[in-house]
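Structure record follows, encoded as structure tokens.
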Amino acid sequence: MVHALIDGVLTGSVYALMATGLTLIFGVMEIINVAQGIFVILGAYLSYYLQLHFGIDLFAGLLITIPTMFVVGIVVQRLFLARLKGPEKTAMSILVTYAISLVIEGILNIAFTVNNVQLNTSYTNKSFQVFGVYIPYIYFMGFLLAIVLLSGLYYMLYRTRFGASIRASLADQSAAALVGIDVKKVSTICFGIGIAVTAAGGMVFGATNAFNASTSYDLISRLLTIIVLGGMGSLAGALVAGIAMVTLEDLVGAIWSPVWSTMAFFVVLVVVLSFRPQGLFGQQSARAA
């Protein structure tokens with residue numbers, strides 16, 4: 001049970017990182033990016049490619065993959081999502097990002113085949129002991145990475161002028177534009193950031209799980225569950241819900257049965273939303289804080 005708690009916190013923090021990017025995109029742009037799962041897998045494959053062909057360490061490779069995914073996010077936003085306007089913007093974003101997901105999935109299947117792969121290094125199969133519990137190094141290192149990136153994101157949001165622009169856009173785009181904030185520029189950069197974090201999440205995910213392009217479907221269902229439970233557009237909600245849901249899943253698997261662990265993930269979502277439709281940290285308004 002203790003091991004399940006530790007594993008839930010360590011793994012949940014990585015899911016929270018990926019979900020934070022997704023909720024940031026929704027909060028600023030009112031876009032539901034159902035392609036977030038395939039971007040995570042793309043980030044994993046980029047780490048795999050760098051390791052396989054250039055021998056670059058997984059964590060060192062993030063110095064390449066994070067900026068690369070940021071640029072990919074900027075390009076996708078400018079080419080496809082910046083054109084979405086009007087009251088049906090959110091609904092249309094689901095169709096557009098789903099189409100983007102299918103295209104990337106097809107490209108990955110051609111480039112890497114449909115066979116499962118996994119990222120392996122000298123430390124992915126090693127562990128250390130704490131109070132009788134063995135903790136894999138990759139899980140602990142992934143947790144530290146998520147904490148560093150989430151802390152950096154928090155600093156940017158609450159300690160910089162650009163962060164103030166993001167928070168203003170999160171609260172009310174029209175009011176932000178009236179005080180001189182370039183909402184279009186903020187939206188573009190936020191989408192880039194939201195996609196950039198998938199490089200880190202994808203690397204850790206690929207080092208702890210076998211994956212192929214189709215794995216993105218399970219990922220996006222989990223990420224959407226996390227941001228809906230936490231509250232659409234709420235960064236704090238994504239963090240709390242990510243850790244809580246993965247910890248719950250591990251506890252159910254350890255105490256009851258692994259067969260029911262995934263189901264518990266969604267049962268809690270239904271129960272919480274029945275009493276609090278806006279999510280744990282969401283607000284009643286359409287734009288959550």
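Chain lettering (A, B, ...) mirrors the order of the structure tokens, residue numbering begins at 1 for each chain separately, and ligand numbering begins at 1 in order of display.
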Those of region 49-278 of chain A in DSSP strand (DSSP E or B), formatted as a count of residues only
10
Name the residues in contact with Met203 (chain A) at a cut-off of 9 Å, using only C-alpha atoms, excluding same-chain residues fewer than 6 positions from it; report them as a ChimeraX atom specification.
/A:40-41,43-48,58-59,62,119,142
Contacts of Thr97 (chain A) at 7 Å or less, counting only C-alpha atoms, minus same-chain residues fewer than 2 places along, as a list in words?
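Non-adjacent residues within range: Asn33, Val34, Ala35, Ser93, Ile94, Leu95, Ala99, Ile100 and Ser101 of chain A.
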Counting only C-alpha atoms, the residue among A:Gly233, A:Cys190, A:Ile138, A:Thr247 that lies closest to Asp172 (chain A) is A:Gly233
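Residue nearest Phe26 (chain A), chosen from A:Leu251, A:Val246, A:Leu170, A:Ile195 and counting only C-alpha atoms: A:Leu170.
Rounded to one decimal, CA of Gly132 (chain A) and CA of Thr262 (chain A) lie 26.9 Å from each other.
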Can you tell me which residues surround Leu108 (chain A) at a distance of at most 10 Å, considering only C-alpha atoms, apart from same-chain residues fewer than 6 positions away, and format the answer as a list of chain:residue names?
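Counting only the stated atoms, we get A:Ile38, A:Ile41, A:Leu42, A:Tyr45, A:Leu102, A:Val114, A:Asn212, A:Ala213, A:Ser214.
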Nearest-residue call for Asp57 (chain A), choices A:Thr90, A:Asn120, A:Ala111, A:Ile104, using only C-alpha atoms
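Distance minimum relative to Asp57 (chain A) lands on A:Asn120.
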Show me, as an MDAnalysis selection string, the residues that have an atom within 10 Å of Ala196 (chain A) when counting only C-alpha atoms, minus same-chain residues fewer than 4 positions from it.
chainID A and resid 18 21 39:40 43 62 65:74 190:192 200:201
Kindly save the residues from that selection, with C-alpha atoms included, as a short mmCIF file (atom, residue, chain, number, x, y, z; two decimals), in the first residue's frame.
data_model
loop_
_atom_site.label_atom_id
_atom_site.label_comp_id
_atom_site.auth_asym_id
_atom_site.auth_seq_id
_atom_site.Cartn_x
_atom_site.Cartn_y
_atom_site.Cartn_z
CA MET A 18 1.11 16.91 -19.25
CA GLY A 21 -0.21 22.01 -20.70
CA PHE A 39 2.01 14.94 -28.94
CA VAL A 40 3.12 13.10 -25.78
CA GLY A 43 7.83 13.51 -27.68
CA LEU A 62 15.18 17.18 -23.53
CA THR A 65 13.05 17.81 -27.77
CA ILE A 66 11.45 20.52 -25.59
CA PRO A 67 12.39 23.40 -27.95
CA THR A 68 11.45 21.21 -30.93
CA MET A 69 8.00 20.49 -29.53
CA PHE A 70 7.58 24.17 -28.68
CA VAL A 71 8.19 25.06 -32.34
CA VAL A 72 5.82 22.28 -33.46
CA GLY A 73 3.15 23.75 -31.20
CA ILE A 74 3.67 27.25 -32.60
CA CYS A 190 0.76 29.32 -24.59
CA PHE A 191 -0.03 26.65 -27.15
CA GLY A 192 3.69 26.24 -27.76
CA ALA A 200 9.24 15.85 -20.96
CA GLY A 201 6.09 13.90 -20.18
#
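Relative to CA of Gly242 (chain A), CA of Val270 (chain A) is found at 15.7 Å.
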Counting only C-alpha atoms, the residue of A:Ile227, A:Val186, A:Val204, A:Val197 that sits nearest Gln173 (chain A):
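Nearest candidate to Gln173 (chain A) out of A:Ile227, A:Val186, A:Val204, A:Val197: A:Val186.
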